Every structure is written in C-alpha cells, then in structure tokens.
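Read the structure below first, then the notes.
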Amino acid sequence: MTFQELKRLVSQGESETLEFKRKVAHPEKIVKEIVAFANTKGGKLLIGVSDDGTIPGVKFPEDEIYALNNTIEKMCHPLPDYEIMHVEINEKNTALVYDIPVSNKRPLHIKENADSKWGQVYVRFGDKSIKASREVREIIKRQKRNKDIKFNFGDKEKILMSYLEEHKTINLYQFQAAAKLNKYTASNTLIILVLANVLSVEPCDKGDIYRLKNKF
C-alpha cells in the first residue's frame with residue numbers, strides 16, 4: 001500500500017471495517033478491535049493514524065508490531081488471521097495496516113486469563129466494537145453452517161410481527177414481555193428468525209435491537 005492509498009483509505013473515516021489507532025499504547029484494548037473484525041466482516045486496523053484522520057505514523061514500527069502480536073497470541077482464541085503492511089510516511093515514521101479477514105473459526109474470544117480458552121466475544125457494528133450477547137454469539141456460530149433454517153409461524157411469531165409492525169424495533173426483553181415467554185424461548189425464537197433472514201439484529205451494549213427484514 002502506498003502513502004496515497006493510505007490517505008484515501010483514511011479519508012473514509014472509521015467504520016464497520018476500519019479503525020484508527022495512534023499507537024499501540026494499550027494492546028490489551030486493541031485486540032478487541034481485531035477480534036471484532038474477525039467475527040463480523042473483516043476490516044483494517046491502522047496504527048499510526050489519529051482519530052482526526054491525520055497520519056503521523058510511528059517511529060519504531062517493529063516495537064508496535066511486537067507489542068500487539070504478542071498480546072494477540074496471549075489473549076485471542078482461536079487466533080485470528082491477519083497480514084501486516086508497512087506504509088512509509090517519511091524518513092522517520094511508518095504507518096502499519098493490519099488487514100484482518102472474517103474468520104472461518106468464529107466466534108473468536110478474548111481470553112479472561114492465560115489459562116482459559118473462553119472469554120468475551122466482540123463484534124463490529126458501525127464504528128464500534130461491541131461485546132456480543134448470547135444471541136449474537138449463537139447467531140455467529142450457526143451462520144457458519146450455511147443450512148436453510150425452518151421454523152413454525154406460531155402464536156409467538158405472530159405477536160412479534162404485530163409488535164414490529166407498530167414499533168419497528170424490539171429487544172429481547174420487550175419480546176419476552178409482549179409474548180409472555182421465558183427468556184430462553186424468547187431468545188431462541190429471535191436467533192432462529194435472524195438465521196432465517198426474517199429479522200436483522202443490531203448489536204448494542206444496552207440490548208440488541210431487532211428489526212423486520214423480509215415481508216411475508
């Protein structure tokens with residue numbers, strides 16, 4: 001990647017597939033961006049780029065790479081795939097581009113400690129990396145199977161459709177209350193309808209938001 005190509009990329013601003021970091025000051029926080037990209041649509045992490053879109057680069061790129069790669073090795077399970085590109089800014093400074101594809105091993109976790117295999121799962125929505133709910137984690141797992149999802153259109157589904165026709169969006173607890181369901185049944189119903197391409201889900205820290213995707 002050339003410097004001009006990098007500038008064009010940065011001009012797009014942070015997004016679902018693009019994240020800027022001035023430097024690898026806190027690698028344990030940066031790994032969540034990498035995991036989120038790998039769990040969602042893939043993306044590029046730019047090191048040496050400020051939030052305002054300026055590109056100062058970093059003076060010691062190999063130190064930045066060592067710090068981040070070492071943290072990825074320690075904290076991520078399974079390990080994400082990625083490629084690193086160096087982009088020369090000037091004689092002293094370099095920007096780094098981590099290119100992370102969507103993983104066929106998803107969902108990737110950030111381990112709670114060195115001895116554990118499991119921990120927090122992050123996904124990308126908009127320009128944020130968000131901790132995945134149980135529902136989103138299950139959707140990620142089952143989407144990899146590429147199988148047609150069948151479901152019965154019963155009373156709870158009719159209640160859900162009526163609610164969405166009126167309110168446009170719903171979360172797990174609203175559905176649970178409206179259909180008078182236990183949490184597991186409400187959760188599983190929403191998961192199945194997302195997998196069946198009937199609903200879309202927007203991950204959110206305060207509760208995932210579901211919308212009607214296809215009309216019957």
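Chain identifiers are assigned as A, B, and so on, following the order in which chains appear in the structure tokens; residues are numbered from 1 within each chain, and ligands are numbered from 1 in order of appearance.
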
Discussion item. When you look at Lys141 (chain A) with a cut-off of 10 Å (counting only C-alpha atoms), what residues show up, excluding the ones that are within fewer than 6 positions of it in the same chain? I need them as number ranges by chain.
Written reply: A: 39, 104-107

Item to complete: Mind checking which residues fall within 8 Å of region 186-191 of chain A, counting only C-alpha atoms, ignoring those fewer than 2 positions away in the same chain, and posting them as a list in words?
Response: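 Residues near the query, excluding close chain neighbours: Glu135, Val136, Glu138, Ile139, Glu157, Leu172, Phe175, Gln176, Leu181, Asn182, Lys183, Tyr184, Leu193, Val194, Leu195 and Leu199 of chain A.
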
Could you dump the residues just selected with N, CA and C atoms as a compact mmCIF listing (two decimals), in the first residue's frame?
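Dumped to out_1.txt:
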```txt
# COMPACT_ATOMS: atom_id res chain seq x y z
N GLU A 135 -27.19 -14.11 22.24
CA GLU A 135 -27.90 -14.30 20.98
C GLU A 135 -26.97 -14.09 19.78
N VAL A 136 -26.19 -13.03 19.82
CA VAL A 136 -25.28 -12.75 18.70
C VAL A 136 -24.19 -13.82 18.61
N GLU A 138 -24.50 -16.94 19.39
CA GLU A 138 -25.14 -18.13 18.81
C GLU A 138 -25.40 -17.95 17.32
N ILE A 139 -25.80 -16.75 16.93
CA ILE A 139 -26.03 -16.46 15.51
C ILE A 139 -24.73 -16.63 14.73
N GLU A 157 -44.61 -15.92 17.10
CA GLU A 157 -44.12 -15.23 15.90
C GLU A 157 -45.14 -14.18 15.43
N LEU A 172 -34.90 -8.19 23.25
CA LEU A 172 -35.24 -9.48 23.86
C LEU A 172 -36.29 -9.33 24.95
N PHE A 175 -39.79 -8.43 23.71
CA PHE A 175 -40.44 -9.60 23.11
C PHE A 175 -40.90 -10.58 24.18
N GLN A 176 -40.04 -10.79 25.17
CA GLN A 176 -40.37 -11.70 26.26
C GLN A 176 -41.65 -11.25 26.97
N LEU A 181 -43.22 -14.97 27.36
CA LEU A 181 -42.33 -16.12 27.20
C LEU A 181 -41.24 -16.10 28.25
N ASN A 182 -40.67 -17.27 28.52
CA ASN A 182 -39.47 -17.26 29.34
C ASN A 182 -38.31 -16.77 28.48
N LYS A 183 -37.22 -16.41 29.14
CA LYS A 183 -36.10 -15.77 28.43
C LYS A 183 -35.51 -16.70 27.38
N TYR A 184 -35.37 -17.99 27.69
CA TYR A 184 -34.75 -18.93 26.75
C TYR A 184 -35.57 -19.05 25.47
N LEU A 193 -35.11 -16.59 13.87
CA LEU A 193 -35.66 -15.68 12.87
C LEU A 193 -34.57 -14.83 12.20
N VAL A 194 -33.49 -14.54 12.93
CA VAL A 194 -32.35 -13.88 12.29
C VAL A 194 -31.68 -14.83 11.30
N LEU A 195 -31.46 -16.07 11.72
CA LEU A 195 -30.83 -17.06 10.85
C LEU A 195 -31.69 -17.36 9.62
N LEU A 199 -35.46 -11.50 10.40
CA LEU A 199 -35.07 -10.35 11.21
C LEU A 199 -33.62 -9.99 10.97
```

Practice prompt. Would you please work out which residue, of A:Val121, A:Ile192, A:Leu212, A:Leu68, is nearest to Phe151 (chain A) when using only C-alpha atoms?
Written response: A:Ile192

Worksheet entry | All residues 12 Å or closer to Asn93 (chain A), only C-alpha atoms, same chain fewer than 6 positions away omitted, as JSON, numbers by chain | {"A": [3, 23, 47, 48, 49, 55, 56, 57, 58, 59, 60, 61, 62, 86, 87]}

Item to complete: Rank nothing, just name the residue among A:Glu5, A:Asp99, A:Glu16, A:Glu88 nearest to Lys41 (chain A), using only C-alpha atoms.
Response: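 Between A:Glu5, A:Asp99, A:Glu16, A:Glu88, the residue approaching Lys41 (chain A) most closely is A:Glu16.
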
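Between CA of Val102 (chain A) and CA of Arg124 (chain A) there is a distance of 11.1 Å.
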
Discussion item. Which residue is closest to Ile84 (chain A)? Choose from A:Val10, A:Leu45, A:Ile140, A:Ala38 and count only C-alpha atoms.
Written reply: A:Leu45

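Coordinates place CA of Thr17 (chain A) at a distance of 26.6 Å from CA of Lys168 (chain A).
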
Worksheet item: Interatomic distance between CA of Ser200 (chain A) and CA of Glu33 (chain A)?
Response: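 Pair CA of Ser200 (chain A) / CA of Glu33 (chain A) returns 22.2 Å.
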
Fill in: Secondary structure check, strand (DSSP E or B) residues of region 83-187 of chain A, as a PyMOL selection string
chain A and resi 83-88+94-100+109-111+119-120+122-125+128-131+169-170

Item to complete: Please provide the set of residues having any atom within 9 Å of Ile34 (chain A), restricted to only C-alpha atoms, with same-chain residues fewer than 4 positions apart removed, written as a list in words.
Response: Ile30, Ala38, Asn39, Gly42, Gly43, Lys44, Leu45, Ile72, Pro80, Tyr82, Tyr98, Ile100 and Tyr122 of chain A

Could you turn the residues from that selection into a file that holds all heavy atoms, as a short mmCIF file (atom, residue, chain, number, x, y, z; two decimals), in the first residue's frame?
```
data_model
loop_
_atom_site.label_atom_id
_atom_site.label_comp_id
_atom_site.auth_asym_id
_atom_site.auth_seq_id
_atom_site.Cartn_x
_atom_site.Cartn_y
_atom_site.Cartn_z
N ILE A 30 -6.68 -2.98 22.20
CA ILE A 30 -6.72 -3.00 20.74
C ILE A 30 -7.13 -4.38 20.20
O ILE A 30 -7.75 -4.48 19.15
CB ILE A 30 -5.36 -2.57 20.17
CG1 ILE A 30 -5.08 -1.10 20.55
CG2 ILE A 30 -5.33 -2.71 18.65
CD1 ILE A 30 -3.74 -0.59 20.09
N ALA A 38 -12.68 -9.87 12.93
CA ALA A 38 -12.64 -11.29 12.54
C ALA A 38 -14.00 -11.95 12.73
O ALA A 38 -14.35 -12.87 11.99
CB ALA A 38 -11.58 -12.02 13.34
N ASN A 39 -14.77 -11.48 13.70
CA ASN A 39 -16.09 -12.07 13.97
C ASN A 39 -17.20 -11.50 13.10
O ASN A 39 -18.31 -12.05 13.08
CB ASN A 39 -16.47 -11.84 15.43
CG ASN A 39 -15.78 -12.81 16.37
OD1 ASN A 39 -15.42 -13.91 15.97
ND2 ASN A 39 -15.58 -12.40 17.61
N GLY A 42 -14.61 -8.69 8.73
CA GLY A 42 -13.22 -8.37 8.46
C GLY A 42 -13.03 -6.87 8.50
O GLY A 42 -13.98 -6.09 8.65
N GLY A 43 -11.77 -6.43 8.38
CA GLY A 43 -11.52 -4.99 8.40
C GLY A 43 -10.04 -4.68 8.47
O GLY A 43 -9.19 -5.58 8.46
N LYS A 44 -9.76 -3.40 8.55
CA LYS A 44 -8.37 -2.93 8.62
C LYS A 44 -8.18 -2.08 9.87
O LYS A 44 -8.95 -1.15 10.13
CB LYS A 44 -8.00 -2.12 7.38
CG LYS A 44 -7.87 -2.97 6.12
CD LYS A 44 -7.49 -2.12 4.91
CE LYS A 44 -7.16 -2.99 3.70
NZ LYS A 44 -8.32 -3.80 3.26
N LEU A 45 -7.13 -2.41 10.63
CA LEU A 45 -6.72 -1.63 11.79
C LEU A 45 -5.48 -0.85 11.39
O LEU A 45 -4.47 -1.43 10.98
CB LEU A 45 -6.41 -2.57 12.95
CG LEU A 45 -5.75 -1.95 14.17
CD1 LEU A 45 -6.72 -1.02 14.89
CD2 LEU A 45 -5.26 -3.03 15.13
N ILE A 72 -1.96 -10.47 20.99
CA ILE A 72 -2.88 -11.32 20.22
C ILE A 72 -2.64 -12.79 20.57
O ILE A 72 -3.59 -13.54 20.82
CB ILE A 72 -2.70 -11.09 18.70
CG1 ILE A 72 -3.17 -9.69 18.31
CG2 ILE A 72 -3.45 -12.15 17.90
CD1 ILE A 72 -2.81 -9.28 16.90
N PRO A 80 -6.68 -15.12 15.35
CA PRO A 80 -7.15 -14.56 14.08
C PRO A 80 -6.06 -14.62 13.02
O PRO A 80 -4.87 -14.66 13.33
CB PRO A 80 -7.45 -13.10 14.46
CG PRO A 80 -6.47 -12.80 15.56
CD PRO A 80 -6.35 -14.09 16.34
N TYR A 82 -4.24 -12.54 9.98
CA TYR A 82 -4.04 -11.13 9.60
C TYR A 82 -2.75 -10.98 8.82
O TYR A 82 -1.84 -11.82 8.91
CB TYR A 82 -4.02 -10.21 10.83
CG TYR A 82 -2.99 -10.57 11.88
CD1 TYR A 82 -1.68 -10.09 11.82
CD2 TYR A 82 -3.33 -11.40 12.95
CE1 TYR A 82 -0.75 -10.42 12.78
CE2 TYR A 82 -2.41 -11.73 13.92
CZ TYR A 82 -1.12 -11.24 13.84
OH TYR A 82 -0.20 -11.57 14.80
N TYR A 98 -3.01 -3.41 9.65
CA TYR A 98 -3.37 -4.80 9.95
C TYR A 98 -4.62 -5.12 9.14
O TYR A 98 -5.67 -4.52 9.36
CB TYR A 98 -3.65 -4.98 11.44
CG TYR A 98 -2.43 -5.23 12.29
CD1 TYR A 98 -1.50 -4.22 12.54
CD2 TYR A 98 -2.20 -6.48 12.85
CE1 TYR A 98 -0.38 -4.44 13.33
CE2 TYR A 98 -1.09 -6.72 13.65
CZ TYR A 98 -0.19 -5.70 13.88
OH TYR A 98 0.93 -5.94 14.65
N ILE A 100 -7.38 -7.74 8.50
CA ILE A 100 -7.96 -8.89 9.20
C ILE A 100 -9.17 -9.41 8.42
O ILE A 100 -10.18 -8.70 8.30
CB ILE A 100 -8.41 -8.50 10.63
CG1 ILE A 100 -7.25 -7.89 11.41
CG2 ILE A 100 -8.99 -9.70 11.38
CD1 ILE A 100 -7.41 -6.43 11.70
N TYR A 122 -16.38 -10.14 20.83
CA TYR A 122 -16.71 -8.80 20.34
C TYR A 122 -17.11 -8.86 18.87
O TYR A 122 -16.58 -9.68 18.11
CB TYR A 122 -15.54 -7.83 20.52
CG TYR A 122 -15.32 -7.42 21.95
CD1 TYR A 122 -14.56 -8.21 22.80
CD2 TYR A 122 -15.90 -6.27 22.47
CE1 TYR A 122 -14.36 -7.85 24.14
CE2 TYR A 122 -15.72 -5.91 23.80
CZ TYR A 122 -14.95 -6.70 24.62
OH TYR A 122 -14.78 -6.35 25.94
#
```

Fill in: Residue contacts of Ser50 (chain A) (7 Å, only C-alpha atoms) excluding same-chain residues fewer than 2 positions away, as a ChimeraX atom specification
/A:20-22,48,52-55

Worksheet item: Lys147 (chain A): which residues within 10 Å, counting only C-alpha atoms, same-chain residues fewer than 4 positions away excluded, as a list of chain:residue names?
Response: A:Arg142, A:Gln143, A:Leu195, A:Ala196

Discussion item. Could you pull out the alpha helix (DSSP H) residues of region 74-144 of chain A, going by DSSP on the backbone, and write them as number ranges by chain?
Written reply: A: 74-75, 134-143
